[in-house]
Amino acid sequence: VERARAEVAALLGAEPEEVVFTAGATEANNTALEACRRAGGRPGSVATSAVEHPSVEAPLAALEAAGWRVVRVPVDAEGLLDPEAVVAALAPDTVLVTLLWGNNETGVLQPLERIAPRLRERGVPLHVDATQCVGKLGVDLRRLPVDLLSLSAHKLGGPKGVGCLVVRRGAPFAPLLLGGPQERRRRGGTENVPGIAGLGAACALALRELPERMRGFGALRDRLWEGIREKIPRARRNGSAERVLCNTVNVEFEGAAGEVLVQALDLEGIAVSTGAACASGSTHPSHVLAAMGRSPQAARSSLRFSVGHGVDERGIDRVLAVLPDLVARAREAEAS
Ligand SMILES: Cc1ncc(COP(=O)(O)O)c(C=O)c1O
């Protein structure tokens, strides 16, 4: 456990004692927001974005129900936050800002390097959900003034059911799980030792392989997008193509039903999702695409593709071989 703590810390530029192991990013996000509920005993404000993951959005909704004010800063058509708008959302009673760094539906990366220093100057703590970024992007907490950071092992090739919250020195913190001395009393309950060891190993590998991974994933993702653009008319990329994770592309296939494509691709052994991968099978139009100004219809026609370990050029070419026909058939079915 202590070796894993050092491995996680080394990947992130944090101190080992700042790492609190959890059962994943959902628990880490809930724990980060728990500090609000306990702060001062009186409801205050939290600022966030309109494109958060449900594991932040749901605890925020619970805070709202308890009388807190939650300010959701909108994003532009590219899915990006304006740093000025985040600063403008602060109020004298703002206890925390919580932001999703790399979006799990579009891969869009928020300009944290321009937001975090502004919040630090104002003394407002920042929690970042970096679940999609760790292992796919250089994360260096020595340079980025973030107070709390969540991650999940399975997003960087580690086991499911384990993650951590990094609690930087001086950050506001209250434990979510009470009743044990583990993790320096910051998370009660016997540690998930095999999971934690797996997270540590995944972080150690990521530290070594990061540049190569970013190049490799990026090349596969670009091959996929270029192929889609070439072979499929009326395919539109959702979100910024510059500020985006190396492994993700979200595409709207105008006039086709996303869930029909998900099922048709599944029969071909190809796993994609409409909206969030973890909510695959959900038929609600994506709140992320809605916040970017896309209509419910456009959101329903959008698919999220991501590459990772086990995907190679042959796999991408197989997707490109079957997708044009599946899109054409899904369009015909929708039109009839
Ligand atoms: C951005 C983001 N945050 C949080 C989570 C939740 O992680 P977990 O299900 O491992 O708790 C996920 C998805 O898994 C995610 O993509």
# chains A, B, ... in the order shown; residues from 1 in each chain; ligands from 1
$ residues_near_ligand --ligand "ligand 1" --cutoff "7 Å" --atoms "only C-alpha atoms and all ligand atoms" --output "PDB file with C-alpha atoms, in the first residue's frame"
ATOM      1  CA  ALA A  23     -13.114   2.754  -4.136  1.00  0.00           C
ATOM      2  CA  GLY A  24     -12.825   4.878  -7.293  1.00  0.00           C
ATOM      3  CA  ALA A  25     -13.491   8.368  -8.601  1.00  0.00           C
ATOM      4  CA  THR A  26     -17.154   8.347  -7.596  1.00  0.00           C
ATOM      5  CA  GLU A  27     -16.154   7.990  -3.946  1.00  0.00           C
ATOM      6  CA  HIS A  53     -19.799  13.879 -14.445  1.00  0.00           C
ATOM      7  CA  SER A  55     -20.613  11.582  -9.594  1.00  0.00           C
ATOM      8  CA  LEU A 100     -14.127  18.138 -14.629  1.00  0.00           C
ATOM      9  CA  GLY A 102     -11.081  16.064 -19.349  1.00  0.00           C
ATOM     10  CA  ASN A 103     -14.687  15.502 -20.310  1.00  0.00           C
ATOM     11  CA  ASN A 104     -15.721  11.851 -20.294  1.00  0.00           C
ATOM     12  CA  ASP A 129     -11.982  15.378 -11.445  1.00  0.00           C
ATOM     13  CA  ALA A 130      -8.956  14.210 -13.443  1.00  0.00           C
ATOM     14  CA  THR A 131     -10.266  10.666 -13.984  1.00  0.00           C
ATOM     15  CA  GLN A 132     -10.040  10.875 -17.780  1.00  0.00           C
ATOM     16  CA  SER A 152      -9.950   6.036 -10.914  1.00  0.00           C
ATOM     17  CA  HIS A 154      -9.481   1.506 -14.427  1.00  0.00           C
ATOM     18  CA  LYS A 160     -11.846  -1.572 -11.331  1.00  0.00           C
ATOM     19  CA  GLY A 161     -13.145  -0.470  -7.936  1.00  0.00           C
ATOM     20  CA  VAL A 162     -10.158   1.538  -6.734  1.00  0.00           C
ATOM     21  CA  GLY A 163      -8.990   5.122  -7.096  1.00  0.00           C
ATOM     22  CA  CYS A 278     -20.179   4.317 -17.990  1.00  0.00           C
TER      23      CYS A 278
END
$ closest_atom_pairs --of "region 157-229 of chain A" --to "region 301-321 of chain A" --cutoff "12 Å" --atoms "only C-alpha atoms" --output "CSV"
residue,atom,partner,partner_atom,distance
A:Gly157,CA,A:His309,CA,7.4
A:Gly158,CA,A:His309,CA,11.1
A:Ala206,CA,A:His309,CA,11.8
A:Arg213,CA,A:Gly308,CA,8.8
A:Met214,CA,A:Gly308,CA,10.2
A:Arg215,CA,A:Gly308,CA,11.8
A:Gly216,CA,A:Asp312,CA,9.0
A:Phe217,CA,A:Val307,CA,6.3
A:Gly218,CA,A:Val307,CA,8.7
A:Ala219,CA,A:Glu313,CA,9.1
A:Leu220,CA,A:Glu313,CA,6.4
A:Arg221,CA,A:Val307,CA,6.5
A:Asp222,CA,A:Ile316,CA,10.0
A:Arg223,CA,A:Ile316,CA,7.4
A:Leu224,CA,A:Ile316,CA,6.0
A:Trp225,CA,A:Leu320,CA,9.4
A:Glu226,CA,A:Leu320,CA,9.8
A:Gly227,CA,A:Leu320,CA,6.4
A:Ile228,CA,A:Leu320,CA,6.7
A:Arg229,CA,A:Leu320,CA,10.2
$ write_last_selection --atoms "N, CA, C and O atoms" --output "tab-separated table (two decimals), in the first residue's frame"
chain	number	residue	atom	x	y	z
A	157	GLY	N	-5.76	1.75	-17.03
A	157	GLY	CA	-5.29	0.37	-17.19
A	157	GLY	C	-5.17	-0.40	-15.89
A	157	GLY	O	-4.71	-1.54	-15.88
A	158	GLY	N	-5.58	0.19	-14.77
A	158	GLY	CA	-5.56	-0.51	-13.49
A	158	GLY	C	-6.85	-1.26	-13.26
A	158	GLY	O	-7.72	-1.30	-14.13
A	206	ALA	N	2.36	4.17	-16.28
A	206	ALA	CA	1.96	5.39	-16.98
A	206	ALA	C	3.09	6.41	-16.96
A	206	ALA	O	3.32	7.11	-17.95
A	213	ARG	N	2.40	6.64	-25.07
A	213	ARG	CA	0.95	6.42	-25.07
A	213	ARG	C	0.23	7.57	-25.75
A	213	ARG	O	-0.68	7.36	-26.54
A	214	MET	N	0.65	8.78	-25.41
A	214	MET	CA	-0.05	9.95	-25.99
A	214	MET	C	0.11	9.95	-27.51
A	214	MET	O	-0.84	10.22	-28.23
A	215	ARG	N	1.30	9.60	-27.96
A	215	ARG	CA	1.54	9.55	-29.40
A	215	ARG	C	0.72	8.43	-30.05
A	215	ARG	O	0.05	8.63	-31.05
A	216	GLY	N	0.78	7.24	-29.43
A	216	GLY	CA	0.10	6.07	-29.98
A	216	GLY	C	-1.41	6.23	-30.00
A	216	GLY	O	-2.07	6.02	-31.03
A	217	PHE	N	-1.98	6.62	-28.86
A	217	PHE	CA	-3.44	6.80	-28.78
A	217	PHE	C	-3.87	7.91	-29.76
A	217	PHE	O	-4.87	7.79	-30.46
A	218	GLY	N	-3.09	8.99	-29.77
A	218	GLY	CA	-3.44	10.12	-30.62
A	218	GLY	C	-3.45	9.72	-32.10
A	218	GLY	O	-4.35	10.11	-32.85
A	219	ALA	N	-2.47	8.92	-32.51
A	219	ALA	CA	-2.39	8.51	-33.92
A	219	ALA	C	-3.60	7.62	-34.28
A	219	ALA	O	-4.18	7.76	-35.36
A	220	LEU	N	-3.98	6.72	-33.36
A	220	LEU	CA	-5.13	5.84	-33.63
A	220	LEU	C	-6.42	6.65	-33.69
A	220	LEU	O	-7.26	6.45	-34.58
A	221	ARG	N	-6.59	7.55	-32.74
A	221	ARG	CA	-7.80	8.39	-32.72
A	221	ARG	C	-7.88	9.23	-34.00
A	221	ARG	O	-8.94	9.35	-34.63
A	222	ASP	N	-6.75	9.79	-34.42
A	222	ASP	CA	-6.77	10.63	-35.63
A	222	ASP	C	-7.05	9.78	-36.87
A	222	ASP	O	-7.76	10.22	-37.78
A	223	ARG	N	-6.51	8.56	-36.90
A	223	ARG	CA	-6.77	7.66	-38.03
A	223	ARG	C	-8.28	7.38	-38.12
A	223	ARG	O	-8.87	7.38	-39.20
A	224	LEU	N	-8.89	7.18	-36.95
A	224	LEU	CA	-10.33	6.91	-36.91
A	224	LEU	C	-11.11	8.13	-37.42
A	224	LEU	O	-11.97	8.00	-38.29
A	225	TRP	N	-10.80	9.30	-36.89
A	225	TRP	CA	-11.55	10.49	-37.27
A	225	TRP	C	-11.35	10.84	-38.76
A	225	TRP	O	-12.31	11.14	-39.48
A	226	GLU	N	-10.09	10.75	-39.22
A	226	GLU	CA	-9.83	11.06	-40.63
A	226	GLU	C	-10.61	10.09	-41.53
A	226	GLU	O	-11.19	10.49	-42.54
A	227	GLY	N	-10.63	8.83	-41.15
A	227	GLY	CA	-11.35	7.81	-41.92
A	227	GLY	C	-12.85	8.07	-41.93
A	227	GLY	O	-13.51	7.97	-42.98
A	228	ILE	N	-13.39	8.44	-40.78
A	228	ILE	CA	-14.82	8.74	-40.70
A	228	ILE	C	-15.15	9.92	-41.60
A	228	ILE	O	-16.12	9.90	-42.37
A	229	ARG	N	-14.31	10.95	-41.52
A	229	ARG	CA	-14.56	12.17	-42.30
A	229	ARG	C	-14.52	11.87	-43.80
A	229	ARG	O	-15.31	12.42	-44.57
$ select_by_dssp --residues "region 41-213 of chain A" --states "alpha helix (DSSP H)" --output "ChimeraX atom specification"
/A:54-65,83-88,112-121,182-185,193-213
$ atom_distance --atom1 "CA of Glu84 (chain A)" --atom2 "CA of Ile115 (chain A)"
8.1 Å
$ residues_around --residues "region 10-17 of chain A" --least-positions-apart "4" --cutoff "9 Å" --atoms "only C-alpha atoms" --output "ChimeraX atom specification"
/A:2,4-6,134-135,138-143,166-169,183-184,203-204,206-207
$ write_last_selection --atoms "N, CA, C and O atoms" --output "tab-separated table (two decimals), in the first residue's frame"
chain	number	residue	atom	x	y	z
A	2	GLU	N	1.93	1.22	0.79
A	2	GLU	CA	2.78	2.42	0.84
A	2	GLU	C	3.59	2.60	-0.44
A	2	GLU	O	3.85	3.72	-0.87
A	4	ALA	N	2.48	1.72	-3.40
A	4	ALA	CA	1.50	2.25	-4.36
A	4	ALA	C	1.27	3.74	-4.12
A	4	ALA	O	1.15	4.53	-5.06
A	5	ARG	N	1.22	4.12	-2.84
A	5	ARG	CA	0.99	5.54	-2.53
A	5	ARG	C	2.11	6.39	-3.13
A	5	ARG	O	1.86	7.46	-3.70
A	6	ALA	N	3.34	5.89	-3.03
A	6	ALA	CA	4.48	6.63	-3.59
A	6	ALA	C	4.41	6.64	-5.12
A	6	ALA	O	4.76	7.64	-5.76
A	134	VAL	N	-5.57	11.35	-16.13
A	134	VAL	CA	-4.39	10.69	-15.55
A	134	VAL	C	-4.01	9.50	-16.42
A	134	VAL	O	-4.83	8.65	-16.75
A	135	GLY	N	-2.76	9.46	-16.84
A	135	GLY	CA	-2.29	8.38	-17.71
A	135	GLY	C	-2.42	8.70	-19.19
A	135	GLY	O	-1.98	7.93	-20.04
A	138	GLY	N	0.06	14.74	-19.15
A	138	GLY	CA	0.96	15.04	-18.03
A	138	GLY	C	0.20	15.81	-16.96
A	138	GLY	O	-0.38	16.84	-17.25
A	139	VAL	N	0.18	15.28	-15.74
A	139	VAL	CA	-0.48	15.98	-14.62
A	139	VAL	C	0.61	16.26	-13.60
A	139	VAL	O	1.21	15.33	-13.07
A	140	ASP	N	0.90	17.53	-13.36
A	140	ASP	CA	1.96	17.88	-12.42
A	140	ASP	C	1.45	18.88	-11.41
A	140	ASP	O	1.33	20.07	-11.69
A	141	LEU	N	1.14	18.37	-10.22
A	141	LEU	CA	0.55	19.22	-9.19
A	141	LEU	C	1.58	20.18	-8.57
A	141	LEU	O	1.20	21.06	-7.81
A	142	ARG	N	2.86	20.00	-8.93
A	142	ARG	CA	3.84	21.01	-8.47
A	142	ARG	C	3.66	22.31	-9.23
A	142	ARG	O	4.02	23.38	-8.76
A	143	ARG	N	3.06	22.19	-10.43
A	143	ARG	CA	2.91	23.40	-11.26
A	143	ARG	C	1.47	23.87	-11.34
A	143	ARG	O	1.20	25.01	-11.66
A	166	VAL	N	-6.55	12.95	-4.08
A	166	VAL	CA	-5.33	13.59	-3.62
A	166	VAL	C	-5.76	14.84	-2.86
A	166	VAL	O	-6.47	15.69	-3.40
A	167	VAL	N	-5.35	14.90	-1.60
A	167	VAL	CA	-5.72	16.03	-0.74
A	167	VAL	C	-4.44	16.80	-0.44
A	167	VAL	O	-3.60	16.37	0.35
A	168	ARG	N	-4.26	17.90	-1.15
A	168	ARG	CA	-3.02	18.65	-0.98
A	168	ARG	C	-2.98	19.31	0.40
A	168	ARG	O	-4.02	19.58	1.00
A	169	ARG	N	-1.79	19.54	0.87
A	169	ARG	CA	-1.65	20.09	2.21
A	169	ARG	C	-2.47	21.39	2.33
A	169	ARG	O	-2.43	22.22	1.44
A	183	GLU	N	-5.97	5.19	6.34
A	183	GLU	CA	-5.69	6.38	5.52
A	183	GLU	C	-5.61	7.65	6.39
A	183	GLU	O	-6.16	8.69	6.07
A	184	ARG	N	-4.94	7.51	7.53
A	184	ARG	CA	-4.78	8.64	8.48
A	184	ARG	C	-6.13	9.24	8.88
A	184	ARG	O	-6.30	10.45	8.86
A	203	CYS	N	0.08	3.37	-12.27
A	203	CYS	CA	0.68	4.70	-12.25
A	203	CYS	C	2.16	4.64	-12.60
A	203	CYS	O	2.67	5.49	-13.34
A	204	ALA	N	2.85	3.61	-12.08
A	204	ALA	CA	4.28	3.49	-12.37
A	204	ALA	C	4.49	3.27	-13.88
A	204	ALA	O	5.39	3.86	-14.49
A	206	ALA	N	2.36	4.17	-16.28
A	206	ALA	CA	1.96	5.39	-16.98
A	206	ALA	C	3.09	6.41	-16.96
A	206	ALA	O	3.32	7.11	-17.95
A	207	LEU	N	3.78	6.49	-15.84
A	207	LEU	CA	4.87	7.47	-15.72
A	207	LEU	C	5.94	7.17	-16.77
A	207	LEU	O	6.47	8.08	-17.41
$ atom_distance --atom1 "CA of Ala9 (chain A)" --atom2 "CA of Asn29 (chain A)"
18.1 Å
$ closest_residue --among "A:Leu326, A:Val288, A:Val56, A:Val244" --to "Gln110 (chain A)" --atoms "only C-alpha atoms"
A:Val244
$ atom_distance --atom1 "CA of Asp82 (chain A)" --atom2 "CA of Leu137 (chain A)"
21.0 Å
$ select_by_dssp --residues "region 67-279 of chain A" --states "strand (DSSP E or B)" --output "JSON, numbers by chain"
{"A": [69, 70, 71, 72, 73, 94, 95, 96, 97, 98, 99, 100, 102, 108, 109, 126, 127, 128, 129, 134, 137, 148, 149, 150, 151, 152, 163, 164, 165, 166, 167, 235, 236, 237, 238, 244, 248, 249, 250, 251, 252, 253, 273]}
$ closest_residue --among "A:Leu109, A:Ala153, A:Pro74, A:Gly123" --to "Leu90 (chain A)" --atoms "only C-alpha atoms"
A:Gly123
$ decode --residues "region 54-71 of chain A" --atoms "N, CA, C and O atoms" --output "short mmCIF file (atom, residue, chain, number, x, y, z; two decimals), in the first residue's frame"
data_model
loop_
_atom_site.label_atom_id
_atom_site.label_comp_id
_atom_site.auth_asym_id
_atom_site.auth_seq_id
_atom_site.Cartn_x
_atom_site.Cartn_y
_atom_site.Cartn_z
N PRO A 54 -21.78 12.72 -13.55
CA PRO A 54 -22.85 12.53 -12.55
C PRO A 54 -22.33 12.32 -11.13
O PRO A 54 -23.04 12.66 -10.17
N SER A 55 -21.12 11.81 -10.95
CA SER A 55 -20.61 11.58 -9.59
C SER A 55 -20.22 12.89 -8.90
O SER A 55 -19.91 12.89 -7.70
N VAL A 56 -20.22 13.99 -9.62
CA VAL A 56 -20.11 15.32 -9.02
C VAL A 56 -21.49 15.98 -9.02
O VAL A 56 -21.92 16.58 -8.04
N GLU A 57 -22.20 15.83 -10.14
CA GLU A 57 -23.49 16.49 -10.28
C GLU A 57 -24.48 16.02 -9.20
O GLU A 57 -25.21 16.84 -8.62
N ALA A 58 -24.51 14.72 -8.90
CA ALA A 58 -25.50 14.22 -7.93
C ALA A 58 -25.22 14.73 -6.51
O ALA A 58 -26.14 15.22 -5.84
N PRO A 59 -23.95 14.67 -6.01
CA PRO A 59 -23.73 15.27 -4.69
C PRO A 59 -23.98 16.78 -4.68
O PRO A 59 -24.42 17.33 -3.66
N LEU A 60 -23.74 17.44 -5.81
CA LEU A 60 -24.05 18.89 -5.86
C LEU A 60 -25.56 19.11 -5.75
O LEU A 60 -26.01 20.04 -5.07
N ALA A 61 -26.33 18.25 -6.43
CA ALA A 61 -27.80 18.38 -6.33
C ALA A 61 -28.25 18.15 -4.88
O ALA A 61 -29.17 18.82 -4.39
N ALA A 62 -27.56 17.25 -4.17
CA ALA A 62 -27.90 17.01 -2.75
C ALA A 62 -27.57 18.24 -1.92
O ALA A 62 -28.33 18.61 -1.01
N LEU A 63 -26.45 18.90 -2.23
CA LEU A 63 -26.11 20.14 -1.52
C LEU A 63 -27.17 21.21 -1.78
O LEU A 63 -27.60 21.92 -0.87
N GLU A 64 -27.60 21.29 -3.05
CA GLU A 64 -28.65 22.27 -3.39
C GLU A 64 -29.92 22.02 -2.59
O GLU A 64 -30.54 22.94 -2.07
N ALA A 65 -30.27 20.73 -2.49
CA ALA A 65 -31.49 20.38 -1.74
C ALA A 65 -31.34 20.76 -0.27
O ALA A 65 -32.33 21.01 0.42
N ALA A 66 -30.08 20.85 0.21
CA ALA A 66 -29.84 21.22 1.62
C ALA A 66 -29.64 22.73 1.76
O ALA A 66 -29.16 23.19 2.80
N GLY A 67 -29.94 23.49 0.71
CA GLY A 67 -29.92 24.95 0.81
C GLY A 67 -28.67 25.61 0.25
O GLY A 67 -28.51 26.82 0.36
N TRP A 68 -27.75 24.83 -0.34
CA TRP A 68 -26.55 25.43 -0.93
C TRP A 68 -26.89 26.05 -2.28
O TRP A 68 -27.85 25.64 -2.95
N ARG A 69 -26.05 27.03 -2.68
CA ARG A 69 -26.20 27.62 -4.01
C ARG A 69 -25.12 27.00 -4.89
O ARG A 69 -23.94 27.00 -4.51
N VAL A 70 -25.54 26.42 -6.01
CA VAL A 70 -24.58 25.82 -6.94
C VAL A 70 -24.63 26.63 -8.24
O VAL A 70 -25.68 26.74 -8.87
N VAL A 71 -23.48 27.22 -8.60
CA VAL A 71 -23.42 28.03 -9.82
C VAL A 71 -22.77 27.18 -10.90
O VAL A 71 -21.63 26.74 -10.75
#
